[in-house]
Structure formats: C-alpha cells, structure tokens
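Raw contents of query_23.pdb, PDB, C-alpha atoms and all ligand atoms:
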```
ATOM      1  CA  MET M   1     -71.223 -76.849-136.811
ATOM      2  CA  ALA M   2     -67.512 -77.536-136.585
ATOM      3  CA  ARG M   3     -66.300 -78.062-133.043
ATOM      4  CA  ARG M   4     -63.584 -75.759-131.850
ATOM      5  CA  LYS M   5     -60.259 -77.076-130.751
ATOM      6  CA  LYS M   6     -59.744 -76.930-127.012
ATOM      7  CA  ILE M   7     -56.236 -75.717-126.205
ATOM      8  CA  TYR M   8     -56.300 -75.825-122.419
ATOM      9  CA  GLU M   9     -58.681 -76.277-119.545
ATOM     10  CA  GLY M  10     -57.706 -74.574-116.295
ATOM     11  CA  LYS M  11     -59.501 -74.143-113.012
ATOM     12  CA  ALA M  12     -61.517 -71.081-114.014
ATOM     13  CA  LYS M  13     -61.377 -70.903-117.791
ATOM     14  CA  ILE M  14     -61.180 -72.953-120.971
ATOM     15  CA  LEU M  15     -59.091 -71.770-123.917
ATOM     16  CA  TYR M  16     -60.191 -72.561-127.479
ATOM     17  CA  GLU M  17     -58.455 -71.828-130.742
ATOM     18  CA  GLY M  18     -59.696 -68.463-132.023
ATOM     19  CA  PRO M  19     -61.138 -67.707-135.470
ATOM     20  CA  GLU M  20     -57.969 -66.038-136.737
ATOM     21  CA  PRO M  21     -54.333 -67.078-136.207
ATOM     22  CA  GLY M  22     -52.892 -65.553-133.072
ATOM     23  CA  THR M  23     -56.257 -65.370-131.318
ATOM     24  CA  ILE M  24     -57.775 -67.417-128.511
ATOM     25  CA  VAL M  25     -61.303 -67.699-127.152
ATOM     26  CA  GLN M  26     -61.423 -67.586-123.359
ATOM     27  CA  TYR M  27     -64.495 -69.299-121.886
ATOM     28  CA  PHE M  28     -65.236 -68.332-118.261
ATOM     29  CA  LYS M  29     -66.478 -71.274-116.173
ATOM     30  CA  ASP M  30     -68.564 -71.131-113.000
ATOM     31  CA  ASP M  31     -65.983 -73.176-111.094
ATOM     32  CA  ALA M  32     -64.347 -71.635-108.058
ATOM     33  CA  THR M  33     -61.217 -73.016-106.444
ATOM     34  CA  ALA M  34     -59.097 -71.868-103.534
ATOM     35  CA  PHE M  35     -56.010 -72.969-101.628
ATOM     36  CA  ASN M  36     -54.485 -74.462-104.773
ATOM     37  CA  ALA M  37     -57.725 -76.316-105.640
ATOM     38  CA  GLU M  38     -58.115 -77.973-102.229
ATOM     39  CA  LYS M  39     -61.474 -76.211-101.978
ATOM     40  CA  MET M  40     -63.779 -76.343-105.008
ATOM     41  CA  ALA M  41     -67.348 -75.391-105.880
ATOM     42  CA  THR M  42     -69.514 -74.396-108.796
ATOM     43  CA  ILE M  43     -70.974 -70.935-108.344
ATOM     44  CA  GLU M  44     -73.747 -70.164-110.759
ATOM     45  CA  GLY M  45     -73.192 -66.946-112.641
ATOM     46  CA  LYS M  46     -69.557 -66.409-111.620
ATOM     47  CA  GLY M  47     -68.236 -67.002-115.147
ATOM     48  CA  VAL M  48     -70.680 -64.533-116.659
ATOM     49  CA  LEU M  49     -69.746 -61.853-114.117
ATOM     50  CA  ASN M  50     -65.991 -62.389-114.509
ATOM     51  CA  ASN M  51     -66.235 -62.295-118.303
ATOM     52  CA  ARG M  52     -68.002 -58.930-118.085
ATOM     53  CA  LEU M  53     -65.748 -57.516-115.382
ATOM     54  CA  SER M  54     -62.529 -58.611-117.059
ATOM     55  CA  GLU M  55     -63.797 -57.051-120.302
ATOM     56  CA  PHE M  56     -64.533 -53.826-118.424
ATOM     57  CA  PHE M  57     -61.106 -53.575-116.735
ATOM     58  CA  MET M  58     -59.094 -54.644-119.788
ATOM     59  CA  THR M  59     -60.986 -52.255-122.093
ATOM     60  CA  GLY M  60     -60.301 -49.425-119.655
ATOM     61  CA  LEU M  61     -56.618 -50.340-119.519
ATOM     62  CA  ASN M  62     -56.373 -50.505-123.325
ATOM     63  CA  ASN M  63     -57.996 -47.052-123.461
ATOM     64  CA  VAL M  64     -55.478 -45.492-121.084
ATOM     65  CA  GLY M  65     -52.541 -46.991-122.966
ATOM     66  CA  VAL M  66     -51.815 -50.100-120.909
ATOM     67  CA  PRO M  67     -51.682 -52.910-123.483
ATOM     68  CA  THR M  68     -53.757 -56.022-122.753
ATOM     69  CA  HIS M  69     -54.678 -59.200-124.620
ATOM     70  CA  PHE M  70     -58.395 -58.276-124.728
ATOM     71  CA  MET M  71     -59.873 -57.897-128.227
ATOM     72  CA  ARG M  72     -63.649 -58.215-127.834
ATOM     73  CA  ARG M  73     -66.344 -59.999-125.923
ATOM     74  CA  LEU M  74     -68.112 -62.668-127.950
ATOM     75  CA  ASN M  75     -71.019 -63.610-125.686
ATOM     76  CA  MET M  76     -72.008 -63.982-122.029
ATOM     77  CA  ARG M  77     -69.160 -66.352-121.217
ATOM     78  CA  GLU M  78     -66.550 -65.877-123.911
ATOM     79  CA  GLN M  79     -64.099 -63.255-125.044
ATOM     80  CA  LEU M  80     -61.626 -63.106-127.902
ATOM     81  CA  VAL M  81     -58.058 -62.378-126.807
ATOM     82  CA  ARG M  82     -54.675 -62.146-128.413
ATOM     83  CA  ALA M  83     -52.731 -65.370-127.955
ATOM     84  CA  CYS M  84     -49.505 -64.879-126.067
ATOM     85  CA  GLU M  85     -46.689 -66.741-124.406
ATOM     86  CA  ILE M  86     -47.451 -66.462-120.717
ATOM     87  CA  VAL M  87     -44.476 -65.437-118.539
ATOM     88  CA  PRO M  88     -44.528 -68.177-115.861
ATOM     89  CA  LEU M  89     -45.019 -65.704-113.021
ATOM     90  CA  GLU M  90     -47.965 -64.437-111.042
ATOM     91  CA  ILE M  91     -47.400 -60.746-110.420
ATOM     92  CA  ILE M  92     -48.978 -59.586-107.178
ATOM     93  CA  VAL M  93     -49.369 -55.926-106.237
ATOM     94  CA  ARG M  94     -50.316 -55.058-102.675
ATOM     95  CA  ASN M  95     -51.540 -51.726-101.301
ATOM     96  CA  PHE M  96     -52.768 -53.003 -97.925
ATOM     97  CA  ALA M  97     -51.623 -56.080 -96.020
ATOM     98  CA  ALA M  98     -53.808 -59.186 -96.418
ATOM     99  CA  GLY M  99     -53.665 -62.905 -97.077
ATOM    100  CA  SER M 100     -50.246 -64.522 -97.323
ATOM    101  CA  LEU M 101     -48.350 -61.268 -96.679
ATOM    102  CA  SER M 102     -50.154 -60.773 -93.359
ATOM    103  CA  LYS M 103     -49.483 -64.370 -92.414
ATOM    104  CA  ARG M 104     -45.846 -64.350 -93.486
ATOM    105  CA  LEU M 105     -44.888 -61.056 -91.829
ATOM    106  CA  GLY M 106     -47.428 -60.885 -88.998
ATOM    107  CA  ILE M 107     -49.035 -57.655 -90.222
ATOM    108  CA  GLU M 108     -52.706 -57.183 -89.462
ATOM    109  CA  GLU M 109     -54.973 -57.437 -92.503
ATOM    110  CA  GLY M 110     -56.008 -54.013 -93.769
ATOM    111  CA  THR M 111     -52.834 -52.216 -92.620
ATOM    112  CA  ALA M 112     -51.840 -49.635 -95.242
ATOM    113  CA  LEU M 113     -48.429 -50.450 -96.735
ATOM    114  CA  PRO M 114     -45.855 -47.635 -96.963
ATOM    115  CA  ARG M 115     -45.849 -48.074-100.761
ATOM    116  CA  PRO M 116     -47.213 -50.625-103.213
ATOM    117  CA  ILE M 117     -45.321 -53.901-102.816
ATOM    118  CA  VAL M 118     -44.843 -56.075-105.903
ATOM    119  CA  GLU M 119     -44.259 -59.794-105.422
ATOM    120  CA  TYR M 120     -43.598 -62.602-107.888
ATOM    121  CA  CYS M 121     -44.727 -66.205-107.627
ATOM    122  CA  TYR M 122     -43.562 -68.974-109.935
ATOM    123  CA  LYS M 123     -46.595 -70.365-111.791
ATOM    124  CA  ASP M 124     -46.555 -74.051-110.915
ATOM    125  CA  ASP M 125     -49.653 -75.624-109.385
ATOM    126  CA  LYS M 126     -47.753 -78.717-108.237
ATOM    127  CA  LEU M 127     -45.479 -76.493-106.153
ATOM    128  CA  GLY M 128     -48.343 -74.260-104.999
ATOM    129  CA  ASP M 129     -47.120 -71.176-106.935
ATOM    130  CA  PRO M 130     -44.194 -70.404-104.583
ATOM    131  CA  LEU M 131     -42.951 -66.867-103.919
ATOM    132  CA  VAL M 132     -39.684 -66.233-105.803
ATOM    133  CA  THR M 133     -37.198 -63.384-105.980
ATOM    134  CA  GLU M 134     -35.783 -61.594-109.013
ATOM    135  CA  GLU M 135     -32.618 -63.647-108.449
ATOM    136  CA  HIS M 136     -34.553 -66.861-109.135
ATOM    137  CA  ILE M 137     -36.293 -65.297-112.129
ATOM    138  CA  ALA M 138     -32.981 -64.209-113.681
ATOM    139  CA  ALA M 139     -31.080 -67.399-112.806
ATOM    140  CA  PHE M 140     -33.729 -69.712-114.248
ATOM    141  CA  GLY M 141     -34.363 -67.467-117.246
ATOM    142  CA  TRP M 142     -38.107 -67.024-116.658
ATOM    143  CA  ALA M 143     -37.813 -63.360-117.665
ATOM    144  CA  SER M 144     -34.973 -61.035-118.676
ATOM    145  CA  GLN M 145     -33.983 -57.881-116.794
ATOM    146  CA  GLN M 146     -35.688 -55.795-119.495
ATOM    147  CA  ASP M 147     -38.836 -57.915-119.109
ATOM    148  CA  MET M 148     -38.752 -57.384-115.343
ATOM    149  CA  ASP M 149     -38.491 -53.600-115.780
ATOM    150  CA  ASP M 150     -41.467 -53.684-118.168
ATOM    151  CA  ILE M 151     -43.452 -56.030-115.904
ATOM    152  CA  LEU M 152     -42.933 -53.759-112.892
ATOM    153  CA  SER M 153     -44.008 -50.724-114.854
ATOM    154  CA  LEU M 154     -47.115 -52.503-116.232
ATOM    155  CA  ALA M 155     -48.039 -53.806-112.773
ATOM    156  CA  LEU M 156     -47.819 -50.330-111.218
ATOM    157  CA  ARG M 157     -49.833 -48.757-114.025
ATOM    158  CA  VAL M 158     -52.540 -51.393-113.613
ATOM    159  CA  ASN M 159     -52.467 -50.668-109.874
ATOM    160  CA  ASP M 160     -52.933 -46.916-110.361
ATOM    161  CA  TYR M 161     -55.748 -47.436-112.839
ATOM    162  CA  LEU M 162     -57.602 -50.061-110.811
ATOM    163  CA  SER M 163     -57.202 -48.412-107.422
ATOM    164  CA  GLY M 164     -58.521 -45.089-108.783
ATOM    165  CA  LEU M 165     -61.430 -46.795-110.501
ATOM    166  CA  MET M 166     -62.341 -48.691-107.333
ATOM    167  CA  TYR M 167     -61.905 -45.645-105.092
ATOM    168  CA  GLY M 168     -64.514 -43.895-107.242
ATOM    169  CA  VAL M 169     -67.124 -46.530-106.347
ATOM    170  CA  GLY M 170     -66.286 -46.815-102.650
ATOM    171  CA  ILE M 171     -64.053 -49.864-102.874
ATOM    172  CA  LYS M 172     -60.507 -50.245-101.550
ATOM    173  CA  LEU M 173     -58.154 -52.194-103.804
ATOM    174  CA  ILE M 174     -56.243 -54.217-101.222
ATOM    175  CA  ASP M 175     -54.204 -56.281-103.703
ATOM    176  CA  PHE M 176     -54.437 -58.072-107.028
ATOM    177  CA  LYS M 177     -52.649 -60.579-109.234
ATOM    178  CA  ILE M 178     -51.997 -60.335-112.953
ATOM    179  CA  GLU M 179     -50.347 -62.496-115.581
ATOM    180  CA  ILE M 180     -48.229 -61.057-118.369
ATOM    181  CA  GLY M 181     -47.807 -62.437-121.868
ATOM    182  CA  ARG M 182     -45.279 -61.961-124.644
ATOM    183  CA  VAL M 183     -46.437 -61.107-128.154
ATOM    184  CA  TYR M 184     -44.287 -60.688-131.216
ATOM    185  CA  ASP M 185     -44.708 -57.871-133.714
ATOM    186  CA  GLY M 186     -42.230 -58.793-136.417
ATOM    187  CA  ASP M 187     -38.836 -58.952-134.733
ATOM    188  CA  PHE M 188     -40.032 -57.071-131.676
ATOM    189  CA  GLN M 189     -41.290 -58.601-128.479
ATOM    190  CA  ARG M 190     -43.829 -56.750-126.354
ATOM    191  CA  LEU M 191     -45.335 -57.573-122.999
ATOM    192  CA  ILE M 192     -49.068 -57.222-122.431
ATOM    193  CA  VAL M 193     -51.493 -57.865-119.589
ATOM    194  CA  ALA M 194     -53.133 -61.272-120.148
ATOM    195  CA  ASP M 195     -55.369 -63.803-118.382
ATOM    196  CA  GLU M 196     -58.129 -62.015-116.423
ATOM    197  CA  ILE M 197     -58.769 -59.163-114.023
ATOM    198  CA  SER M 198     -61.799 -59.926-111.870
ATOM    199  CA  PRO M 199     -62.842 -60.282-108.226
ATOM    200  CA  ASP M 200     -61.265 -63.768-108.460
ATOM    201  CA  SER M 201     -57.849 -62.138-108.795
ATOM    202  CA  CYS M 202     -58.259 -58.996-106.645
ATOM    203  CA  ARG M 203     -59.013 -58.262-103.001
ATOM    204  CA  LEU M 204     -61.736 -55.627-102.848
ATOM    205  CA  TRP M 205     -63.070 -54.235 -99.586
ATOM    206  CA  ASP M 206     -66.050 -51.942 -99.194
ATOM    207  CA  MET M 207     -64.618 -48.613 -98.034
ATOM    208  CA  GLU M 208     -67.285 -48.045 -95.372
ATOM    209  CA  THR M 209     -68.102 -51.473 -93.994
ATOM    210  CA  GLY M 210     -64.906 -53.366 -94.838
ATOM    211  CA  ALA M 211     -67.074 -56.103 -96.404
ATOM    212  CA  HIS M 212     -65.167 -58.424 -98.722
ATOM    213  CA  LEU M 213     -66.319 -58.201-102.349
ATOM    214  CA  ASP M 214     -63.908 -60.767-103.804
ATOM    215  CA  LYS M 215     -62.940 -64.447-103.759
ATOM    216  CA  ASP M 216     -62.230 -64.319-100.004
ATOM    217  CA  VAL M 217     -66.038 -64.615 -99.646
ATOM    218  CA  PHE M 218     -65.586 -68.145-101.017
ATOM    219  CA  ARG M 219     -62.224 -68.898 -99.362
ATOM    220  CA  ARG M 220     -63.502 -67.861 -95.926
ATOM    221  CA  ASP M 221     -67.211 -68.796 -96.258
ATOM    222  CA  LEU M 222     -68.418 -65.218 -95.819
ATOM    223  CA  GLY M 223     -71.682 -65.505 -97.779
ATOM    224  CA  SER M 224     -72.749 -65.415-101.410
ATOM    225  CA  LEU M 225     -69.930 -64.978-103.899
ATOM    226  CA  THR M 226     -72.363 -64.122-106.697
ATOM    227  CA  ASP M 227     -73.903 -61.347-104.587
ATOM    228  CA  ALA M 228     -70.445 -59.899-103.860
ATOM    229  CA  TYR M 229     -69.352 -59.942-107.541
ATOM    230  CA  THR M 230     -72.758 -58.590-108.621
ATOM    231  CA  GLU M 231     -72.285 -55.688-106.210
ATOM    232  CA  VAL M 232     -68.894 -54.840-107.751
ATOM    233  CA  ALA M 233     -70.386 -55.019-111.266
ATOM    234  CA  ARG M 234     -73.376 -52.899-110.253
ATOM    235  CA  ARG M 235     -71.229 -50.168-108.693
ATOM    236  CA  LEU M 236     -69.018 -50.000-111.771
ATOM    237  CA  GLY M 237     -72.075 -49.684-114.012
ATOM    238  CA  VAL M 238     -71.348 -53.003-115.705
ATOM    239  CA  LEU M 239     -74.830 -54.180-114.696
ATOM    240  CA  PRO M 240     -77.951 -52.088-115.240
ATOM    241  CA  LYS M 241     -79.461 -50.429-112.163
ATOM    242  CA  THR M 242     -82.525 -52.184-110.780
ATOM    243  CA  ASN M 243     -85.334 -50.994-108.543
ATOM    244  CA  GLY M 244     -84.095 -53.281-105.804
ATOM    245  CA  HIS M 245     -87.003 -55.716-106.118
ATOM    246  CA  THR M 246     -85.609 -57.894-108.835
ATOM    247  CA  LYS M 247     -82.267 -59.584-109.163
ATOM    248  CA  PRO M 248     -79.954 -57.746-111.579
ATOM    249  CA  THR M 249     -80.067 -59.192-115.074
ATOM    250  CA  LEU M 250     -77.003 -59.338-117.251
ATOM    251  CA  ILE M 251     -77.415 -57.730-120.623
ATOM    252  CA  ASN M 252     -75.396 -59.418-123.317
TER     253      ASN M 252
HETATM  254  N1  LIG M 301     -53.743 -64.390-123.955
HETATM  255  C1  LIG M 301     -53.388 -65.601-123.528
HETATM  256  N2  LIG M 301     -52.669 -66.430-124.320
HETATM  257  C2  LIG M 301     -52.316 -67.662-123.885
HETATM  258  N3  LIG M 301     -52.618 -68.159-122.660
HETATM  259  C3  LIG M 301     -53.317 -67.372-121.832
HETATM  260  C4  LIG M 301     -53.741 -66.063-122.213
HETATM  261  N4  LIG M 301     -54.411 -65.514-121.169
HETATM  262  C5  LIG M 301     -54.406 -66.436-120.184
HETATM  263  N5  LIG M 301     -53.758 -67.558-120.545
HETATM  264  C6  LIG M 301     -53.583 -68.800-119.770
HETATM  265  O1  LIG M 301     -54.818 -69.475-119.853
HETATM  266  C7  LIG M 301     -55.082 -70.215-118.678
HETATM  267  C8  LIG M 301     -56.418 -69.761-118.125
HETATM  268  O2  LIG M 301     -57.025 -70.753-117.429
HETATM  269  P1  LIG M 301     -57.250 -70.710-115.848
HETATM  270  O3  LIG M 301     -57.179 -69.329-115.314
HETATM  271  O4  LIG M 301     -58.484 -71.508-115.604
HETATM  272  O5  LIG M 301     -55.949 -71.495-115.405
HETATM  273  P2  LIG M 301     -55.550 -71.929-113.952
HETATM  274  O6  LIG M 301     -56.333 -73.109-113.512
HETATM  275  O7  LIG M 301     -55.552 -70.719-113.097
HETATM  276  O8  LIG M 301     -54.126 -72.516-114.155
HETATM  277  P3  LIG M 301     -52.758 -71.910-114.510
HETATM  278  O9  LIG M 301     -52.916 -70.417-114.538
HETATM  279  O10 LIG M 301     -51.910 -72.379-113.396
HETATM  280  O11 LIG M 301     -52.398 -72.498-115.831
HETATM  281  C9  LIG M 301     -53.941 -69.933-117.732
HETATM  282  O12 LIG M 301     -52.978 -70.971-117.825
HETATM  283  C10 LIG M 301     -53.354 -68.628-118.285
HETATM  284  O13 LIG M 301     -51.990 -68.495-117.980
HETATM  285 MG    MG M 302     -55.973 -68.755-113.567
END
```

Take the structure in the file and write it out as structure tokens.
Ligand SMILES: Nc1ncnc2c1ncn2[C@@H]1O[C@H](COP(=O)(O)OP(=O)(O)OP(=O)(O)O)[C@@H](O)[C@H]1O
Ligand SMILES: [Mg+2]
Amino acid sequence: MARRKKIYEGKAKILYEGPEPGTIVQYFKDDATAFNAEKMATIEGKGVLNNRLSEFFMTGLNNVGVPTHFMRRLNMREQLVRACEIVPLEIIVRNFAAGSLSKRLGIEEGTALPRPIVEYCYKDDKLGDPLVTEEHIAAFGWASQQDMDDILSLALRVNDYLSGLMYGVGIKLIDFKIEIGRVYDGDFQRLIVADEISPDSCRLWDMETGAHLDKDVFRRDLGSLTDAYTEVARRLGVLPKTNGHTKPTLIN
C-alpha cells in the first residue's frame, strides 16, 4: 500500500495529505503536553476520544450553520478535514475565570465573568503563544479587520453552541480555545473553525461537584485523564451506555 505523505507532526496530531486535493487527514495521537510541552506523557485512548469528541462538536456546529473544516471521520483515530491556511492566532473564549486569566488578574478560578471575554494569542511555540492585542494583529498583518470581525462572531457562536450543549449534560464550559482557517471558494475567502474541539482545548467543570473534566486533570495531576474524557463522551452520548461493570468501549 502506498504510504501517505506526512505534512506536519504537532504535539497532539499528525497531518497527512488527504485523498483529494484540498483535504487533509488528521491523526489524533495519545500524546499529552502541557505548559508549552514542558510536561509530556502518553495517555492511552486520548487520541481515540478526542477524534470522536471533535467529530461530535464540529458536526453539531456544521449543522447549526457554523462552518468548520470537518468532513468525515475515517476511523478510530483519523478524520478527513478541509485543508486551510491557519490564522496564526489562538482564539480563547472565557465564561468563568480560570488558568492564566485568574493568575494575570488575580481573580479566583470559577468566578463568573460579566460577559464572555475573547482573547488572542500569537501562535508561536518558541515564544510560548503570547497574548496579543488587536493592535498587534493589525500592525503585523496576521488578520485583517474584516477577518477579526468574522473571527469574533465565529468564536461567540461556538461559545453559545458549546456552552448550551454542555449545560444540558451538567457541565460548565469555563473556557475554550479554537483555531480558525482561511479557505478559498473561487475569488472569495471564508473563515472556518479548524484544528480540534476537545477536552484538550476546553475547560469543563462538573456543575455539581466542580470536578475537572479536561486537560487540567493532566496539568494539575488530578487523576485519570482518560476517565475524565470518557465521562464527557458518555454524557454527550458519544459512547454507548454501559451497565457500570465494564469499561466503556468505543464503537467505530
Ligand atoms: N484544516 C486544517 N488545515 C491545515 N492545518 C490545520 C488544519 N487544522 C489544524 N491544522 C494545524 O494542524 C496542526 C495540528 O497539530 P497539533 O495540534 O498537534 O499541533 P501543535 O503541537 O498544537 O502545534 P501548533 O498548533 O503550534 O502548530 C496545528 O498546527 C494546526 O494549526
Ligand atoms: Mg494543537
């Protein structure tokens, strides 16, 4: 069998050339990293869960009219996506204070914010993805003013969709990060949600107990990351219900 061409290997995923022009295969690895890769581990099953969860969120977004790169899942670890030019920004939306915002501004984690706060970080691992303002983004030409309007609107729509979905299964969406890509339809450029949406890129707290169901379990050594992600998948109906005696099995 012909080997596929690897385009890029990141910390969590590998990109391969897709079967048709303009497509990419995203392979979800089991590797977990935190604090800009200072902390690393392999967590069995994480890639499978994130592939399924990202499929679930992106399909939902596509269905409610928020365009994403997701085309279809190929197998347990891979999905076919539309290739795009990634805008070199991480777009963070926060509903409750946590993580770097709490540290930076001295606000206790879990404090409800008066309104969703959108932040931008410049995607550069060597610099540790620093926080930037719209002034930097405009001055360095990372995105135009029209792009920024579209990015803000996409980010807030993703926030509304995800926070409602999570609320329905007893989970508070504290914050999340997305990446946005440019695609070209003839002469027109459009922006779509790319990369992944998973418990690696969101903060999810159980509404009743406050338990962390996201990558903070790994960052802060709070227990089993696979159990936390499995719980999210189970609540959303992405995994079949079990009788509680057996470990949930993923159905391809
Ligand atoms: N549809 C897409 N088209 C092209 N590139 C994409 C698409 N979706 C995601 N990417 C890029 O693919 C890579 C995914 O790999 P991964 O998430 O492992 O990277 P990473 O280690 O987080 O590094 P970085 O995001 O800093 O490149 C990212 O660089 C992401 O920006
Ligand atoms: Mg990434």

Any chance you could resolve the PyMOL selection byres (((chain M and resi 116) around 8) and not hetatm) against this file and give the residues as a PyMOL selection string? chain M and resi 93-95+113-115+117-118

List all protein, DNA and RNA residues that have an atom no more than 10 Å from any atom of ligand LIG 301 (chain M), counting all atoms listed in the file, and report them as JSON, numbers by chain. {"M": [7, 8, 9, 10, 11, 12, 13, 14, 15, 16, 22, 23, 24, 25, 26, 27, 28, 29, 31, 32, 33, 36, 37, 68, 69, 70, 71, 80, 81, 82, 83, 84, 85, 86, 87, 88, 89, 90, 122, 123, 124, 125, 126, 128, 129, 178, 179, 180, 181, 182, 183, 192, 193, 194, 195, 196, 200, 201]}

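Going from atom CA of Asp30 of chain M over to atom CA of Glu44 of chain M, you cover 5.7 Å.
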
Point-to-point distance from atom CA of Asp150 of chain M to atom CA of Leu191 of chain M, Å rounded to tenths: 7.3 Å

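Taking atom CA of Ser144 of chain M and atom CA of Asp187 of chain M as the two end points, the separation is 16.6 Å.
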
Between M:Gly223, M:Gly47, M:Gly141, M:Pro21, which one has atoms that come closest to Pro199 of chain M, using all atoms listed in the file?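 For Pro199 of chain M, the nearest of the given residues is M:Gly47.
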
Selected residue of minimal separation from ligand MG 302 (chain M) among M:Leu105, M:Val217, M:Leu204, M:Ile197, counting all atoms listed in the file: M:Ile197

Which residues fall under the PyMOL selection byres (((chain M and resi 148) around 12) and not hetatm) in this file, as a list in words? Val87, Leu89, Ile91, Val118, Glu119, Tyr120, Thr133, Glu134, Glu135, Ile137, Ala138, Gly141, Trp142, Ala143, Ser144, Gln145, Gln146, Asp147, Asp149, Asp150, Ile151, Leu152, Ser153, Leu154, Ala155, Ile180 and Leu191 of chain M

Box for segment 197-213 of chain M: with edges along x, y and z, all listed atoms inside and 8 Å added on each side, what are the centre and edge lengths in Å to one decimal, as JSON?
```
{"center_x": -63.0, "center_y": -55.9, "center_z": -104.0, "size_x": 26.3, "size_y": 31.7, "size_z": 36.0}
```

Could you state which residues are captured by the PyMOL selection byres (((chain M and resi 225) around 12) and not hetatm) in this file, as an NGL selection string? :M and (30-32 or 41-47 or 49-50 or 199-200 or 211-224 or 226-232)

As a ChimeraX atom specification, please: the residues near Gly168 of chain M (cut-off 10 Å, all atoms listed in the file, same-chain neighbours under 6 positions excluded). /M:162,235-236

So which one's closest to Leu74 of chain M, M:Arg3, M:Gln189, M:Gly18, M:Leu239? Using only C-alpha atoms, please.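 Ranked by minimum distance to Leu74 of chain M, first place goes to M:Gly18.
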
Pick from M:Leu173, M:Ala233, M:Leu131, M:Val238, whichever lies nearest to Phe96 of chain M using only C-alpha atoms: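 Looking only at the distances to Phe96 of chain M, the closest residue turns out to be M:Leu173.
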
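Compared by their closest atoms to ligand MG 302 (chain M), and using all atoms listed in the file, the residues M:Trp205, M:Leu101, M:Lys177, M:Gly186 rank with M:Lys177 nearest.
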
Got a sec: who's within 10 Å of Gly110 of chain M, counting all atoms listed in the file, leaving out chain neighbours fewer than 2 positions off, as a list in words? Asn95, Phe96, Ala97, Ala98, Gly99, Ser102, Ile107, Glu108, Ala112, Leu113, Lys172, Ile174, Trp205 and Gly210 of chain M

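Among the candidate residues M:Asp206, M:Lys5, M:Met76, M:Leu61, the one lying nearest to Asn159 of chain M is M:Leu61, with distances computed using all atoms listed in the file.
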